[in-house]
file start_7.cif (mmCIF, C-alpha atoms)
data_final
#
loop_
_atom_site.label_atom_id
_atom_site.label_comp_id
_atom_site.auth_asym_id
_atom_site.auth_seq_id
_atom_site.Cartn_x
_atom_site.Cartn_y
_atom_site.Cartn_z
CA MET A 19 -160.71 -84.47 -23.11
CA THR A 20 -160.27 -82.07 -26.00
CA PRO A 21 -159.96 -83.87 -29.38
CA PRO A 22 -156.82 -83.12 -31.39
CA ASP A 23 -156.99 -80.49 -34.08
CA LEU A 24 -157.00 -82.44 -37.36
CA SER A 25 -157.57 -79.47 -39.62
CA LEU A 26 -154.94 -78.86 -42.29
CA PRO A 27 -153.86 -75.53 -43.68
CA ASN A 28 -154.96 -74.59 -47.20
CA ASP A 29 -151.56 -73.12 -48.08
CA VAL A 30 -149.59 -75.52 -50.29
CA GLU A 31 -146.17 -74.38 -49.08
CA THR A 32 -147.20 -74.87 -45.47
CA LEU A 33 -148.44 -78.37 -46.29
CA LYS A 34 -145.13 -79.17 -48.01
CA ALA A 35 -143.20 -78.00 -44.96
CA MET A 36 -145.38 -80.15 -42.71
CA VAL A 37 -144.83 -83.21 -44.91
CA LEU A 38 -141.06 -82.64 -44.96
CA ALA A 39 -140.99 -82.27 -41.17
CA MET A 40 -142.98 -85.48 -40.78
CA ALA A 41 -140.62 -87.29 -43.14
CA GLU A 42 -137.56 -86.08 -41.24
CA LYS A 43 -139.16 -87.11 -37.95
CA ALA A 44 -139.97 -90.55 -39.32
CA ALA A 45 -136.39 -90.94 -40.60
CA ARG A 46 -134.96 -89.99 -37.21
CA ALA A 47 -137.31 -92.41 -35.48
CA ALA A 48 -136.29 -95.20 -37.84
CA ALA A 49 -132.61 -94.47 -37.25
CA LEU A 50 -133.14 -94.52 -33.50
CA GLU A 51 -135.02 -97.81 -33.74
CA ASN A 52 -132.16 -99.33 -35.72
CA GLU A 53 -129.62 -98.05 -33.19
CA VAL A 54 -131.64 -99.42 -30.28
CA ALA A 55 -131.99 -102.78 -32.01
CA ASP A 56 -128.23 -102.89 -32.63
CA LEU A 57 -127.48 -102.02 -29.01
CA LYS A 58 -129.93 -104.66 -27.79
CA ALA A 59 -128.23 -107.26 -29.97
CA ARG A 60 -124.82 -106.25 -28.62
CA ASN A 61 -126.09 -106.38 -25.06
CA ALA A 62 -127.60 -109.82 -25.60
CA ASP A 63 -124.31 -111.07 -27.05
CA ALA A 64 -122.36 -109.54 -24.18
CA ASP A 65 -124.74 -111.05 -21.62
CA THR A 66 -124.19 -114.45 -23.19
CA ARG A 67 -120.41 -114.02 -23.06
CA ILE A 68 -120.60 -112.86 -19.44
CA GLU A 69 -122.67 -115.89 -18.50
CA ARG A 70 -120.24 -118.21 -20.27
CA LEU A 71 -117.19 -116.66 -18.60
CA THR A 72 -118.93 -116.75 -15.24
CA GLN A 73 -119.62 -120.47 -15.66
CA ILE A 74 -115.98 -121.08 -16.61
CA LEU A 75 -114.82 -119.13 -13.57
CA LYS A 76 -117.13 -121.10 -11.28
CA ALA A 77 -115.92 -124.36 -12.80
CA PHE A 78 -112.29 -123.41 -12.22
CA ASP A 79 -113.13 -122.32 -8.69
CA ARG A 80 -114.85 -125.64 -7.90
CA ALA A 81 -112.04 -127.64 -9.45
CA TRP A 82 -109.34 -125.67 -7.67
CA PHE A 83 -110.85 -125.43 -4.22
CA GLY A 84 -112.91 -128.62 -4.26
CA ARG A 85 -111.99 -132.11 -3.13
CA ARG A 86 -109.98 -132.86 -6.26
CA SER A 87 -107.91 -129.72 -6.17
CA GLU A 88 -104.69 -131.73 -6.24
CA LYS A 89 -105.33 -132.54 -9.91
CA LEU A 90 -105.00 -128.89 -10.90
CA GLY A 91 -102.17 -127.91 -8.57
CA SER A 92 -98.56 -128.70 -9.26
CA ALA A 93 -95.18 -128.05 -7.73
CA ASN A 94 -94.01 -125.97 -10.69
CA GLY A 95 -96.14 -122.89 -10.33
CA GLY A 96 -99.66 -124.33 -10.54
CA ASP A 97 -100.95 -121.90 -7.93
CA GLU A 98 -99.68 -118.90 -9.86
CA GLN A 99 -101.06 -120.22 -13.15
CA GLN A 100 -104.50 -120.79 -11.67
CA ALA A 101 -104.50 -117.36 -10.05
CA PHE A 102 -103.52 -115.87 -13.41
CA VAL A 103 -106.42 -117.68 -15.12
CA PHE A 104 -108.89 -116.44 -12.51
CA GLU A 105 -107.65 -112.88 -12.82
CA GLU A 106 -107.82 -112.89 -16.62
CA ILE A 107 -111.38 -114.24 -16.60
CA GLU A 108 -112.48 -111.68 -14.04
CA ILE A 109 -110.84 -108.89 -16.05
CA GLY A 110 -112.63 -110.14 -19.18
CA ILE A 111 -115.98 -110.14 -17.39
CA ALA A 112 -115.38 -106.64 -16.05
CA ALA A 113 -114.45 -105.36 -19.53
CA ILE A 114 -117.62 -106.81 -21.07
CA LYS A 115 -119.76 -105.40 -18.27
CA ALA A 116 -118.22 -101.97 -18.85
CA GLN A 117 -119.02 -102.25 -22.56
CA VAL A 118 -122.61 -103.26 -21.81
CA SER A 119 -123.03 -100.46 -19.27
CA LYS A 120 -121.76 -97.89 -21.75
CA GLY A 121 -124.04 -99.19 -24.49
CA ARG A 122 -127.08 -99.14 -22.24
CA ALA A 123 -126.26 -95.64 -21.07
CA GLN A 124 -126.09 -94.50 -24.70
CA ALA A 125 -129.41 -96.18 -25.46
CA ASP A 126 -131.10 -94.60 -22.45
CA GLY A 127 -129.52 -91.23 -23.11
CA LYS A 128 -128.27 -90.91 -19.55
CA ARG A 129 -125.86 -92.61 -17.21
CA ALA A 130 -127.37 -94.95 -14.68
CA PRO A 131 -126.69 -93.85 -11.09
CA ARG A 132 -124.41 -96.11 -9.08
CA ARG A 133 -124.50 -96.54 -5.35
CA ARG A 134 -121.03 -96.61 -3.87
CA LYS A 135 -119.82 -97.49 -0.46
CA GLY A 136 -118.05 -94.57 1.18
CA PHE A 137 -114.30 -94.62 1.68
CA ALA A 138 -112.77 -95.20 5.09
CA PRO A 139 -112.72 -92.01 7.20
CA HIS A 140 -109.02 -92.33 8.06
CA LEU A 141 -107.99 -91.82 4.42
CA GLU A 142 -106.57 -88.39 3.66
CA ARG A 143 -108.90 -86.13 1.69
CA ILE A 144 -107.50 -83.77 -0.95
CA VAL A 145 -110.32 -81.35 -1.77
CA THR A 146 -110.42 -79.59 -5.13
CA VAL A 147 -113.08 -76.96 -5.80
CA VAL A 148 -113.92 -76.46 -9.49
CA GLU A 149 -115.52 -73.04 -9.91
CA PRO A 150 -117.69 -72.23 -12.95
CA GLU A 151 -116.24 -70.05 -15.67
CA GLU A 152 -116.86 -66.32 -15.37
CA LEU A 153 -118.93 -65.24 -18.38
CA ALA A 154 -119.39 -61.70 -19.65
CA GLU A 155 -123.13 -61.89 -19.06
CA HIS A 156 -122.47 -62.48 -15.35
CA ALA A 157 -120.33 -59.38 -14.91
CA GLY A 158 -121.43 -57.25 -11.98
CA LYS A 159 -123.81 -59.87 -10.61
CA GLN A 160 -123.38 -61.28 -7.12
CA ARG A 161 -123.23 -65.06 -6.93
CA VAL A 162 -125.06 -66.94 -4.19
CA LEU A 163 -124.07 -70.52 -3.34
CA ILE A 164 -127.21 -72.68 -3.35
CA GLY A 165 -125.59 -76.11 -3.23
CA GLU A 166 -122.88 -78.30 -4.70
CA ASP A 167 -122.24 -81.73 -6.17
CA VAL A 168 -119.54 -83.75 -4.41
CA SER A 169 -117.79 -86.78 -5.87
CA GLU A 170 -114.97 -88.90 -4.45
CA ARG A 171 -112.32 -90.88 -6.33
CA LEU A 172 -109.73 -93.18 -4.83
CA ASP A 173 -106.15 -92.09 -5.46
CA VAL A 174 -102.80 -93.60 -4.55
CA VAL A 175 -99.36 -92.16 -3.90
CA PRO A 176 -96.84 -94.76 -5.09
CA ALA A 177 -94.33 -95.85 -2.48
CA LYS A 178 -90.97 -94.21 -2.91
CA PHE A 179 -87.58 -94.81 -1.39
CA ARG A 180 -85.68 -92.19 0.50
CA VAL A 181 -82.38 -92.09 2.35
CA ILE A 182 -82.29 -91.18 6.04
CA VAL A 183 -79.01 -89.42 6.75
CA THR A 184 -77.92 -89.33 10.40
CA ARG A 185 -75.06 -87.05 11.34
CA ARG A 186 -73.40 -87.24 14.77
CA PRO A 187 -71.10 -84.26 15.21
CA LYS A 188 -67.95 -84.63 17.31
CA TYR A 189 -67.00 -81.79 19.62
CA ALA A 190 -63.77 -80.93 21.37
CA PHE A 191 -63.17 -78.30 24.04
CA LYS A 192 -60.74 -75.43 23.79
CA ASP A 193 -57.99 -75.63 26.33
CA ALA A 194 -59.28 -79.03 27.52
CA ASP A 195 -58.93 -82.67 26.64
CA GLY A 196 -61.70 -84.97 25.49
CA VAL A 197 -64.18 -85.39 22.65
CA ILE A 198 -67.93 -85.74 22.99
CA GLN A 199 -70.38 -87.28 20.54
CA ALA A 200 -73.95 -88.58 20.78
CA PRO A 201 -74.26 -92.38 20.75
CA ALA A 202 -75.53 -94.02 17.59
CA PRO A 203 -79.29 -94.72 17.64
CA ALA A 204 -80.23 -98.37 18.19
CA HIS A 205 -81.57 -100.29 15.20
CA ILE A 206 -82.75 -103.84 14.57
CA ILE A 207 -80.03 -104.32 11.95
CA GLU A 208 -77.04 -102.75 13.65
CA GLY A 209 -74.74 -101.19 11.10
CA GLY A 210 -77.11 -102.19 8.28
CA ILE A 211 -78.83 -100.08 5.68
CA PRO A 212 -82.54 -100.79 6.30
CA THR A 213 -84.72 -98.68 8.51
CA GLU A 214 -87.40 -100.36 10.59
CA ALA A 215 -90.01 -99.06 8.12
CA LEU A 216 -88.28 -100.86 5.25
CA LEU A 217 -88.08 -104.07 7.28
CA ALA A 218 -91.80 -103.83 8.02
CA GLN A 219 -92.57 -103.24 4.33
CA ILE A 220 -90.60 -106.30 3.23
CA ALA A 221 -92.07 -108.50 5.97
CA VAL A 222 -95.68 -107.51 5.29
CA ALA A 223 -95.22 -107.97 1.55
CA LYS A 224 -93.68 -111.42 2.03
CA TYR A 225 -95.72 -112.93 4.85
CA ALA A 226 -99.04 -111.08 4.64
CA ASP A 227 -99.29 -110.46 0.89
CA GLY A 228 -97.46 -113.60 -0.28
CA LEU A 229 -94.90 -111.64 -2.31
CA PRO A 230 -91.64 -113.63 -2.34
CA LEU A 231 -88.33 -111.87 -1.94
CA TYR A 232 -87.21 -112.49 -5.51
CA ARG A 233 -90.26 -110.59 -6.74
CA GLN A 234 -89.66 -107.77 -4.31
CA GLU A 235 -86.08 -107.65 -5.55
CA ALA A 236 -87.37 -107.05 -9.09
CA ILE A 237 -89.93 -104.47 -7.94
CA TYR A 238 -87.36 -102.44 -6.02
CA ALA A 239 -84.96 -102.63 -8.95
CA ARG A 240 -87.40 -100.54 -10.99
CA ASP A 241 -86.51 -97.64 -8.68
CA LYS A 242 -82.81 -98.43 -9.17
CA VAL A 243 -82.60 -99.78 -5.61
CA GLU A 244 -80.57 -102.97 -5.47
CA LEU A 245 -81.68 -105.23 -2.61
CA ASP A 246 -80.37 -108.76 -2.97
CA ARG A 247 -82.86 -111.44 -1.96
CA GLN A 248 -80.27 -113.26 0.17
CA LEU A 249 -79.63 -110.03 2.04
CA MET A 250 -83.34 -109.49 2.59
CA ALA A 251 -83.65 -113.09 3.79
CA GLN A 252 -81.00 -112.38 6.43
CA TRP A 253 -82.93 -109.28 7.48
CA MET A 254 -86.13 -111.31 7.82
CA GLY A 255 -84.33 -113.86 9.99
CA LYS A 256 -83.05 -111.14 12.29
CA LEU A 257 -86.45 -109.46 12.37
CA GLY A 258 -88.15 -112.75 13.23
CA PHE A 259 -85.77 -113.26 16.13
CA GLU A 260 -86.51 -109.79 17.47
CA LEU A 261 -90.26 -110.37 17.15
CA GLU A 262 -90.26 -113.70 18.97
CA ILE A 263 -91.13 -112.05 22.28
CA MET A 264 -94.19 -110.44 20.67
CA ALA A 265 -95.21 -113.73 19.04
CA ASP A 266 -94.91 -115.53 22.38
CA TYR A 267 -97.07 -112.90 24.06
CA ILE A 268 -99.77 -113.13 21.37
CA PHE A 269 -99.73 -116.94 21.57
CA SER A 270 -100.11 -116.84 25.34
CA GLU A 271 -103.10 -114.51 24.98
CA VAL A 272 -104.68 -116.78 22.36
CA LYS A 273 -104.35 -119.80 24.64
CA LYS A 274 -106.37 -118.02 27.31
CA ALA A 275 -109.49 -118.29 25.17
CA GLU A 276 -112.08 -121.01 25.72
CA ARG A 277 -111.65 -122.35 22.21
CA VAL A 278 -108.91 -121.91 19.66
CA PHE A 279 -109.59 -122.48 15.98
CA ALA A 280 -106.80 -122.83 13.45
CA ASP A 281 -106.48 -123.29 9.71
CA GLU A 282 -103.97 -126.09 9.21
CA THR A 283 -103.74 -125.68 5.44
CA THR A 284 -100.07 -125.63 4.48
CA LEU A 285 -98.81 -122.53 2.72
CA PRO A 286 -95.60 -122.89 0.70
CA THR A 287 -93.29 -119.89 0.87
CA LEU A 288 -90.61 -118.82 -1.54
CA ALA A 289 -87.54 -116.75 -0.87
#

call {"tool": "encode", "arguments": {"input": "start_7.cif", "output": "structure tokens"}}
result
Amino acid sequence: MTPPDLSLPNDVETLKAMVLAMAEKAARAAALENEVADLKARNADADTRIERLTQILKAFDRAWFGRRSEKLGSANGGDEQQAFVFEEIEIGIAAIKAQVSKGRAQADGKRAPRRRKGFAPHLERIVTVVEPEELAEHAGKQRVLIGEDVSERLDVVPAKFRVIVTRRPKYAFKDADGVIQAPAPAHIIEGGIPTEALLAQIAVAKYADGLPLYRQEAIYARDKVELDRQLMAQWMGKLGFELEIMADYIFSEVKKAERVFADETTLPTLA
């Protein structure tokens, strides 16, 4: 191993420049050490807060879903209040984790890679290709593609209402009697305004997602669509009647199994 060169120049100005450079380097190192210490302190505080919130969330979860859950539930919206508490705690934990992750990335000087599970293949892909800027120094040079970086982000197209207009022209014959017209298409709600797609949307939101009709009424009102909850309740009754044959078929298929397991927990529903 070659020993380091410890010889110093004899020129005074060169020595001064070396000393100034060393002083600047030491100052930068001290500033970085202070910044790292501050980030470590913030991370430690955030870790403590995360642990505390996690313990609170676990305690709520045990109290709510444990044997004594009836002490936390109530008939005046206890379920919704508890769900709200859980959501707020989880949001708080996520916010702190994001803060910690950002701080650690700044301390490390680079962003930590994250492994993500791929999105379902049936989802539509909208591909955008971002080409590099054409610089003057690249003029006249032929580009060769040697690779690419691909990232995926989950997007959503908000549901929107539309009106399906069905026209049925009436025709008469010259020099002949009679009028012809196509029959009206059959619908679940004869003479009503909802399409089958709208009925399915309301039913899934109410019975699968637990979204009562009065909440759906408020959501649809944001799009200036007035759907009274009593009217939607009538639609759901009619839809349930029409789906009875399907329910009976599914039940008959279930009963063919060797064993049938069921969750008998009651689920209150609201209109």

call {"tool": "atom_distance", "arguments": {"input": "start_7.cif", "atom1": "atom CA of A:Thr146", "atom2": "atom CA of A:Lys178"}}
result
24.4 Å

call {"tool": "resolve_selection", "arguments": {"input": "start_7.cif", "expression": "the PyMOL selection byres ((chain A and resi 180) around 12)", "output": "list in words"}}
result
Ala177, Lys178, Phe179, Val181, Ile182, Val183, Ile211, Pro212, Thr213, Ala215, Leu216, Asp241, Lys242 and Val243 of chain A

call {"tool": "resolve_selection", "arguments": {"input": "start_7.cif", "expression": "the PyMOL selection byres ((chain A and resi 173) around 12)", "output": "MDAnalysis selection string"}}
result
chainID A and resid 137 141:144 170:172 174:176

call {"tool": "closest_residue", "arguments": {"input": "start_7.cif", "among": "A:Glu151, A:Glu235, A:Asp56, A:Glu276", "to": "A:Met250", "atoms": "all atoms listed in the file"}}
result
A:Glu235

call {"tool": "closest_residue", "arguments": {"input": "start_7.cif", "among": "A:Ala77, A:Ala44, A:Leu38, A:Ile114", "to": "A:Asp63", "atoms": "all atoms listed in the file"}}
result
A:Ile114

call {"tool": "atom_distance", "arguments": {"input": "start_7.cif", "atom1": "atom CA of A:Ala64", "atom2": "atom CA of A:Phe78"}}
result
20.9 Å

call {"tool": "resolve_selection", "arguments": {"input": "start_7.cif", "expression": "the PyMOL selection byres ((chain A and resi 202) around 12)", "output": "PyMOL selection string"}}
result
chain A and resi 184-187+199-201+203-205+208-209

call {"tool": "axis_aligned_box", "arguments": {"input": "start_7.cif", "around": "stretch 244-258 of chain A", "padding_each_side": "4 Å", "output": "JSON"}}
result
{"center_x": -83.9, "center_y": -108.4, "center_z": 3.9, "size_x": 16.5, "size_y": 18.9, "size_z": 26.7}

call {"tool": "atom_distance", "arguments": {"input": "start_7.cif", "atom1": "atom CA of A:Ile206", "atom2": "atom CA of A:Gln252"}}
result
11.9 Å

call {"tool": "closest_residue", "arguments": {"input": "start_7.cif", "among": "A:Leu163, A:Ala35, A:Ala45, A:Leu57", "to": "A:Pro150", "atoms": "all atoms listed in the file"}}
result
A:Leu163

call {"tool": "residues_near_point", "arguments": {"input": "start_7.cif", "point": "(-81.4, -107.3, -7.9)", "cutoff": "7 Å", "atoms": "only C-alpha atoms", "output": "CSV table (one decimal) with C-alpha atoms, keeping the file's coordinate frame"}}
result
chain,number,residue,atom,x,y,z
A,235,GLU,CA,-86.1,-107.6,-5.6
A,236,ALA,CA,-87.4,-107.0,-9.1
A,239,ALA,CA,-85.0,-102.6,-9.0
A,244,GLU,CA,-80.6,-103.0,-5.5
A,245,LEU,CA,-81.7,-105.2,-2.6
A,246,ASP,CA,-80.4,-108.8,-3.0

call {"tool": "decode", "arguments": {"input": "start_7.cif", "residues": "stretch 29-66 of chain A", "atoms": "C-alpha atoms", "output": "PDB file, in the first residue's frame"}}
result
ATOM      1  CA  ASP A  29       4.130  28.576  -1.464  1.00  0.00           C
ATOM      2  CA  VAL A  30       2.247  30.598   1.175  1.00  0.00           C
ATOM      3  CA  GLU A  31      -0.720  31.398  -1.062  1.00  0.00           C
ATOM      4  CA  THR A  32      -1.161  27.744  -1.924  1.00  0.00           C
ATOM      5  CA  LEU A  33      -1.071  26.849   1.769  1.00  0.00           C
ATOM      6  CA  LYS A  34      -3.699  29.506   2.509  1.00  0.00           C
ATOM      7  CA  ALA A  35      -5.950  28.107  -0.212  1.00  0.00           C
ATOM      8  CA  MET A  36      -5.549  24.612   1.202  1.00  0.00           C
ATOM      9  CA  VAL A  37      -6.420  25.800   4.708  1.00  0.00           C
ATOM     10  CA  LEU A  38      -9.501  27.657   3.442  1.00  0.00           C
ATOM     11  CA  ALA A  39     -10.644  24.581   1.506  1.00  0.00           C
ATOM     12  CA  MET A  40     -10.187  22.419   4.591  1.00  0.00           C
ATOM     13  CA  ALA A  41     -12.145  24.907   6.693  1.00  0.00           C
ATOM     14  CA  GLU A  42     -15.005  24.988   4.186  1.00  0.00           C
ATOM     15  CA  LYS A  43     -15.035  21.193   4.045  1.00  0.00           C
ATOM     16  CA  ALA A  44     -15.123  20.971   7.829  1.00  0.00           C
ATOM     17  CA  ALA A  45     -17.981  23.498   7.961  1.00  0.00           C
ATOM     18  CA  ARG A  46     -19.985  21.531   5.402  1.00  0.00           C
ATOM     19  CA  ALA A  47     -19.355  18.307   7.310  1.00  0.00           C
ATOM     20  CA  ALA A  48     -20.497  19.925  10.550  1.00  0.00           C
ATOM     21  CA  ALA A  49     -23.643  21.250   8.882  1.00  0.00           C
ATOM     22  CA  LEU A  50     -24.406  17.817   7.462  1.00  0.00           C
ATOM     23  CA  GLU A  51     -23.870  16.217  10.863  1.00  0.00           C
ATOM     24  CA  ASN A  52     -26.284  18.688  12.445  1.00  0.00           C
ATOM     25  CA  GLU A  53     -28.857  18.035   9.720  1.00  0.00           C
ATOM     26  CA  VAL A  54     -28.518  14.275  10.128  1.00  0.00           C
ATOM     27  CA  ALA A  55     -28.866  14.578  13.899  1.00  0.00           C
ATOM     28  CA  ASP A  56     -31.995  16.711  13.466  1.00  0.00           C
ATOM     29  CA  LEU A  57     -33.507  14.220  11.025  1.00  0.00           C
ATOM     30  CA  LYS A  58     -32.710  11.330  13.357  1.00  0.00           C
ATOM     31  CA  ALA A  59     -34.435  13.144  16.208  1.00  0.00           C
ATOM     32  CA  ARG A  60     -37.491  13.789  14.038  1.00  0.00           C
ATOM     33  CA  ASN A  61     -37.572  10.177  12.923  1.00  0.00           C
ATOM     34  CA  ALA A  62     -37.317   8.945  16.506  1.00  0.00           C
ATOM     35  CA  ASP A  63     -40.179  11.232  17.535  1.00  0.00           C
ATOM     36  CA  ALA A  64     -42.259  10.109  14.566  1.00  0.00           C
ATOM     37  CA  ASP A  65     -41.543   6.445  15.325  1.00  0.00           C
ATOM     38  CA  THR A  66     -42.746   6.999  18.875  1.00  0.00           C
TER      39      THR A  66
END
